[in-house]
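**Q** The file below is entry33.tsv, TSV, C-alpha atoms:
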```tsv
chain	number	residue	atom	x	y	z
P	282	MET	CA	-200.90	-36.98	108.20
P	283	THR	CA	-198.29	-38.74	106.23
P	284	TYR	CA	-198.97	-36.42	103.28
P	285	ALA	CA	-198.75	-33.33	105.42
P	286	HIS	CA	-195.46	-34.43	106.89
P	287	THR	CA	-194.03	-35.14	103.42
P	288	ASN	CA	-195.17	-31.76	102.09
P	289	SER	CA	-193.58	-29.98	105.05
P	290	GLY	CA	-190.28	-31.71	104.43
P	291	THR	CA	-190.34	-30.83	100.76
P	292	THR	CA	-191.07	-27.20	101.50
P	293	SER	CA	-188.15	-27.02	103.92
P	294	GLU	CA	-185.81	-28.41	101.30
P	295	VAL	CA	-187.01	-25.87	98.77
P	296	HIS	CA	-186.42	-23.03	101.20
P	297	ALA	CA	-182.97	-24.39	101.98
P	298	LEU	CA	-182.11	-24.54	98.26
P	299	GLU	CA	-183.38	-21.01	97.67
P	300	ALA	CA	-181.41	-19.70	100.65
P	301	GLY	CA	-178.23	-21.39	99.38
P	302	HIS	CA	-178.73	-19.95	95.86
P	303	VAL	CA	-179.30	-16.48	97.29
P	304	ALA	CA	-176.17	-16.77	99.41
P	305	GLU	CA	-174.17	-17.81	96.34
P	306	LEU	CA	-175.48	-14.88	94.33
P	307	LEU	CA	-174.70	-12.51	97.21
P	308	GLY	CA	-171.15	-13.90	97.35
P	309	GLN	CA	-170.66	-13.37	93.60
P	310	LEU	CA	-172.07	-9.86	93.91
P	311	LEU	CA	-169.71	-9.02	96.75
P	312	GLU	CA	-166.74	-10.31	94.73
P	313	ARG	CA	-167.74	-8.15	91.77
P	314	MET	CA	-168.15	-5.14	94.02
P	315	ASP	CA	-164.66	-5.77	95.42
P	316	ARG	CA	-163.23	-5.85	91.90
P	317	ILE	CA	-165.11	-2.69	91.00
P	318	GLU	CA	-163.74	-0.97	94.07
P	319	GLN	CA	-160.23	-2.01	93.11
P	320	HIS	CA	-160.66	-0.62	89.58
P	321	LEU	CA	-162.13	2.58	90.98
P	322	ALA	CA	-159.20	2.89	93.33
P	323	LYS	CA	-156.80	2.56	90.42
P	324	ALA	CA	-158.82	5.10	88.45
P	325	ASP	CA	-158.72	7.50	91.38
P	326	ALA	CA	-154.97	7.05	91.64
P	327	LEU	CA	-154.54	7.75	87.93
P	328	ALA	CA	-156.86	10.74	88.15
P	329	SER	CA	-154.86	12.12	91.02
P	330	GLU	CA	-151.65	11.64	89.07
P	331	ALA	CA	-153.07	13.00	85.81
P	332	PRO	CA	-152.25	16.69	86.44
P	333	ALA	CA	-148.65	15.85	87.27
P	334	LEU	CA	-148.34	13.60	84.19
P	335	LEU	CA	-149.94	16.25	82.00
P	336	ALA	CA	-147.58	18.90	83.36
P	337	MET	CA	-144.60	16.64	82.75
P	338	ALA	CA	-145.74	15.92	79.20
P	339	THR	CA	-146.23	19.63	78.58
P	340	ASP	CA	-142.76	20.41	79.90
P	341	THR	CA	-141.31	17.70	77.67
P	342	VAL	CA	-143.05	19.07	74.58
P	343	ASP	CA	-141.97	22.62	75.45
P	344	GLY	CA	-138.38	21.44	75.85
P	345	LEU	CA	-138.45	19.70	72.50
P	346	TYR	CA	-139.96	22.80	70.93
P	347	ARG	CA	-137.24	25.04	72.37
P	348	ASP	CA	-134.48	22.65	71.29
P	349	ALA	CA	-135.88	22.56	67.78
P	350	ALA	CA	-136.10	26.35	67.68
P	351	LYS	CA	-132.46	26.63	68.80
P	352	ALA	CA	-131.47	24.21	66.03
P	353	GLY	CA	-133.21	26.40	63.47
P	354	THR	CA	-136.18	24.08	62.97
P	355	ASP	CA	-139.55	25.81	62.56
P	356	ILE	CA	-141.97	23.21	63.90
P	357	ASP	CA	-145.06	25.32	63.09
P	358	GLU	CA	-143.97	25.68	59.49
P	359	ARG	CA	-143.28	21.97	59.26
P	360	LEU	CA	-146.69	21.18	60.69
P	361	LYS	CA	-148.31	23.46	58.14
P	362	VAL	CA	-146.34	21.87	55.32
P	363	GLY	CA	-147.14	18.41	56.66
P	364	LEU	CA	-150.85	19.17	56.83
P	365	HIS	CA	-150.75	20.61	53.32
P	366	ALA	CA	-148.93	17.51	52.07
P	367	LEU	CA	-151.45	15.29	53.83
P	368	GLU	CA	-154.28	17.23	52.22
P	369	ARG	CA	-152.69	16.84	48.78
P	370	LEU	CA	-152.04	13.15	49.34
P	371	THR	CA	-155.65	12.50	50.26
P	372	GLU	CA	-157.05	14.26	47.18
P	373	PRO	CA	-158.91	11.90	44.81
P	374	ALA	CA	-156.63	12.75	41.89
P	375	THR	CA	-153.52	12.01	43.97
P	376	LEU	CA	-154.98	8.76	45.24
P	377	ARG	CA	-155.84	7.71	41.68
P	378	ALA	CA	-152.30	8.56	40.59
P	379	LEU	CA	-150.87	6.54	43.47
P	380	ALA	CA	-153.12	3.63	42.55
P	381	GLY	CA	-151.88	3.77	38.95
P	382	LEU	CA	-148.30	4.02	40.18
P	383	SER	CA	-148.78	0.96	42.34
P	384	GLU	CA	-149.97	-0.96	39.30
P	385	GLN	CA	-146.91	0.18	37.37
P	386	LEU	CA	-144.69	-0.91	40.26
P	387	VAL	CA	-146.27	-4.34	40.14
P	388	THR	CA	-145.49	-4.51	36.43
P	389	LEU	CA	-141.92	-3.40	37.05
P	390	GLU	CA	-141.58	-6.02	39.75
P	391	GLN	CA	-142.74	-8.70	37.33
P	392	LEU	CA	-140.26	-7.45	34.71
P	393	ALA	CA	-137.49	-7.44	37.32
P	394	ARG	CA	-138.28	-11.04	38.16
P	395	GLN	CA	-138.11	-11.93	34.46
P	396	ALA	CA	-134.90	-9.93	33.88
P	397	PRO	CA	-132.51	-12.82	34.64
P	398	GLY	CA	-134.29	-14.98	32.09
P	399	PHE	CA	-134.13	-12.24	29.46
P	400	ALA	CA	-130.45	-11.67	30.23
P	401	ALA	CA	-129.68	-15.37	29.86
P	402	MET	CA	-131.62	-15.50	26.58
P	403	THR	CA	-129.74	-12.45	25.29
P	404	VAL	CA	-126.39	-13.98	26.21
P	405	ASP	CA	-127.38	-17.19	24.39
P	406	MET	CA	-128.34	-15.19	21.29
P	407	ILE	CA	-125.02	-13.33	21.33
P	408	ASP	CA	-123.12	-16.57	21.73
P	409	GLU	CA	-125.02	-18.07	18.81
P	410	LEU	CA	-124.28	-15.05	16.60
P	411	TYR	CA	-120.64	-15.20	17.63
P	412	ALA	CA	-120.44	-18.91	16.75
P	413	ALA	CA	-122.20	-18.34	13.40
P	414	ALA	CA	-119.76	-15.53	12.53
P	415	ASN	CA	-116.81	-17.75	13.40
P	416	ARG	CA	-118.18	-20.51	11.17
P	417	GLN	CA	-118.30	-18.02	8.31
P	418	GLY	CA	-114.69	-17.00	8.92
P	419	VAL	CA	-115.48	-13.62	10.48
P	420	ASP	CA	-113.10	-12.67	13.27
P	421	ILE	CA	-115.34	-10.53	15.46
P	422	GLU	CA	-112.66	-9.80	18.03
P	423	GLY	CA	-110.20	-8.75	15.34
P	424	THR	CA	-112.83	-6.61	13.65
P	425	VAL	CA	-113.64	-4.91	16.93
P	426	ARG	CA	-109.96	-4.28	17.60
P	427	GLN	CA	-109.50	-2.81	14.12
P	428	GLY	CA	-112.58	-0.63	14.60
P	429	LEU	CA	-111.26	0.66	17.91
P	430	THR	CA	-107.87	1.31	16.37
P	431	ALA	CA	-109.48	3.20	13.46
P	432	LEU	CA	-111.58	5.21	15.88
P	433	ARG	CA	-108.52	6.08	17.94
P	434	ASN	CA	-106.58	7.14	14.83
P	435	LEU	CA	-109.55	9.22	13.67
P	436	LEU	CA	-109.69	11.01	17.02
P	437	ILE	CA	-105.94	11.65	16.88
P	438	LEU	CA	-106.31	12.97	13.32
P	439	MET	CA	-109.20	15.27	14.27
P	440	GLN	CA	-107.04	16.79	17.03
P	441	SER	CA	-103.92	17.12	14.90
P	442	ASP	CA	-102.49	20.38	13.58
P	443	GLU	CA	-102.90	19.12	10.01
P	444	MET	CA	-106.64	18.72	10.43
P	445	LYS	CA	-106.90	22.15	12.07
P	446	ALA	CA	-104.98	23.64	9.13
P	447	LEU	CA	-107.24	21.82	6.67
P	448	MET	CA	-110.38	23.08	8.39
P	449	SER	CA	-109.14	26.67	8.30
P	450	SER	CA	-107.68	26.49	4.76
P	451	GLY	CA	-110.98	26.90	2.95
P	452	VAL	CA	-110.67	23.61	1.10
P	453	LEU	CA	-113.93	22.42	2.68
P	454	ASP	CA	-115.70	25.70	1.92
P	455	PRO	CA	-118.98	25.04	0.05
P	456	LYS	CA	-117.92	27.27	-2.86
P	457	THR	CA	-114.58	25.45	-3.11
P	458	LEU	CA	-116.37	22.13	-3.17
P	459	GLN	CA	-118.71	23.48	-5.84
P	460	VAL	CA	-115.77	24.48	-8.05
P	461	MET	CA	-114.06	21.13	-7.48
P	462	GLY	CA	-117.29	19.35	-8.36
P	463	ALA	CA	-117.63	21.33	-11.57
P	464	ALA	CA	-114.01	20.51	-12.49
P	465	ALA	CA	-114.55	16.82	-11.79
P	466	HIS	CA	-117.71	16.81	-13.89
P	467	ALA	CA	-115.88	18.55	-16.73
P	468	LEU	CA	-113.03	16.03	-16.58
P	469	VAL	CA	-115.44	13.11	-16.77
P	470	SER	CA	-117.39	14.65	-19.66
P	471	ALA	CA	-114.20	15.46	-21.60
P	472	GLN	CA	-112.97	11.90	-21.11
P	473	ARG	CA	-116.25	10.48	-22.41
P	474	GLU	CA	-116.14	12.69	-25.53
P	475	PRO	CA	-112.48	12.92	-26.58
P	476	ARG	CA	-111.62	14.96	-29.73
P	477	ARG	CA	-108.58	16.27	-31.55
P	478	ALA	CA	-107.88	19.98	-31.81
P	479	GLY	CA	-105.51	21.65	-34.28
P	480	PRO	CA	-104.28	25.23	-34.52
P	481	MET	CA	-107.43	26.37	-36.26
P	482	ALA	CA	-109.61	24.69	-33.60
P	483	LEU	CA	-107.62	26.47	-30.91
P	484	LEU	CA	-108.06	29.78	-32.69
P	485	GLY	CA	-111.77	29.20	-33.13
P	486	ALA	CA	-112.11	28.18	-29.49
P	487	LEU	CA	-110.94	31.63	-28.46
P	488	PHE	CA	-114.26	32.97	-29.68
P	489	ASN	CA	-116.27	30.42	-27.60
P	490	ARG	CA	-117.87	32.08	-24.60
P	491	ASP	CA	-117.43	28.98	-22.41
P	492	VAL	CA	-113.76	28.76	-23.33
P	493	GLN	CA	-113.36	32.46	-22.64
P	494	ARG	CA	-114.88	31.98	-19.21
P	495	SER	CA	-112.55	29.06	-18.52
P	496	LEU	CA	-109.52	31.06	-19.67
P	497	GLY	CA	-110.62	34.00	-17.55
P	498	PHE	CA	-110.99	31.72	-14.58
P	499	ALA	CA	-107.56	30.21	-15.23
P	500	LEU	CA	-105.92	33.63	-15.51
P	501	ASN	CA	-107.69	34.86	-12.38
P	502	PHE	CA	-106.68	31.70	-10.54
P	503	ALA	CA	-103.06	32.04	-11.70
P	504	GLU	CA	-102.93	35.63	-10.48
P	505	ARG	CA	-104.40	34.89	-7.06
P	506	PHE	CA	-102.39	31.70	-6.66
P	507	GLY	CA	-99.26	33.64	-7.41
P	508	GLN	CA	-100.18	36.10	-4.70
P	509	LYS	CA	-100.41	33.28	-2.16
P	510	LEU	CA	-97.11	31.67	-3.11
P	511	PRO	CA	-94.12	32.49	-0.91
P	512	GLY	CA	-91.82	35.06	-2.54
```
Taking this structure as input, can you express it in the form of structure tokens?

**A**
Amino acid sequence: MTYAHTNSGTTSEVHALEAGHVAELLGQLLERMDRIEQHLAKADALASEAPALLAMATDTVDGLYRDAAKAGTDIDERLKVGLHALERLTEPATLRALAGLSEQLVTLEQLARQAPGFAAMTVDMIDELYAAANRQGVDIEGTVRQGLTALRNLLILMQSDEMKALMSSGVLDPKTLQVMGAAAHALVSAQREPRRAGPMALLGALFNRDVQRSLGFALNFAERFGQKLPG
């Protein structure tokens, strides 16, 4: 009897625990259903408002399209160009080129970071050269000033009327320079091999073909030079 009574009490407790667990699960289920209903209500509200929102978005896009057209902007053409540019940008060759360019940019960035150090080193080298030149008695500033002065005088000379007259006189003509070169060579050769000439030597020289050519040149020069002289 005692066993039967104990078993009955145990069974009642088990049923009570099961009933409480079931009630708890039902409560959680009801709470979830309430949340689902709330979400569905929001979804229904959004669905009911969707046509109006879509119409408003369409009107906005149409307005922007019309404004752009009035401003002379062809949106269709820009979209086509944009799609074409996107297609070109996504090509393997373009992507490889961009990858190589990115590597070059990294190198340039590293060089830019090192530029101050290089500049400082260059300044130090210039200062050292300047000090060494001063120790040797070379006035760099004076030399630079003289060079600038000479350059300025040269520019003034090149723009002067005298230089223009010289350039148009024919003195710098290649044939003139050739004749002057021949005369200079003859003067040097005659100085290196000096000799005395008497009346008979002068008479015999008249039969020398080279002397005859020189005399002919001298006579021709005298005639033409006389023509150029002012009367």

**Q** From (-121.2, -14.3, 13.1), in the file's coordinates, out to 12 Å: which residues are reached, counting only C-alpha atoms? Answer as a list in words.

**A**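 Counting only C-alpha atoms, I find these residues within 12 Å of (-121.2, -14.3, 13.1): Met406, Ile407, Asp408, Glu409, Leu410, Tyr411, Ala412, Ala413, Ala414, Asn415, Arg416, Gln417, Gly418, Val419, Asp420, Ile421, Glu422 and Thr424 of chain P.
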
**Q** Expressed in Å to a single decimal, how great is the separation between CA of Thr457 (chain P) and CA of Phe502 (chain P)?

**A**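 Here the two named atoms are 12.5 Å from each other.
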
**Q** So how many Å separate CA of Gln385 (chain P) and CA of His365 (chain P), to one decimal?

**A**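 These atoms are spaced 26.2 Å apart.
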
**Q** Would you mind reading off the distance between CA of Arg359 (chain P) and CA of Thr339 (chain P), one decimal, in Å?

**A** 19.7 Å
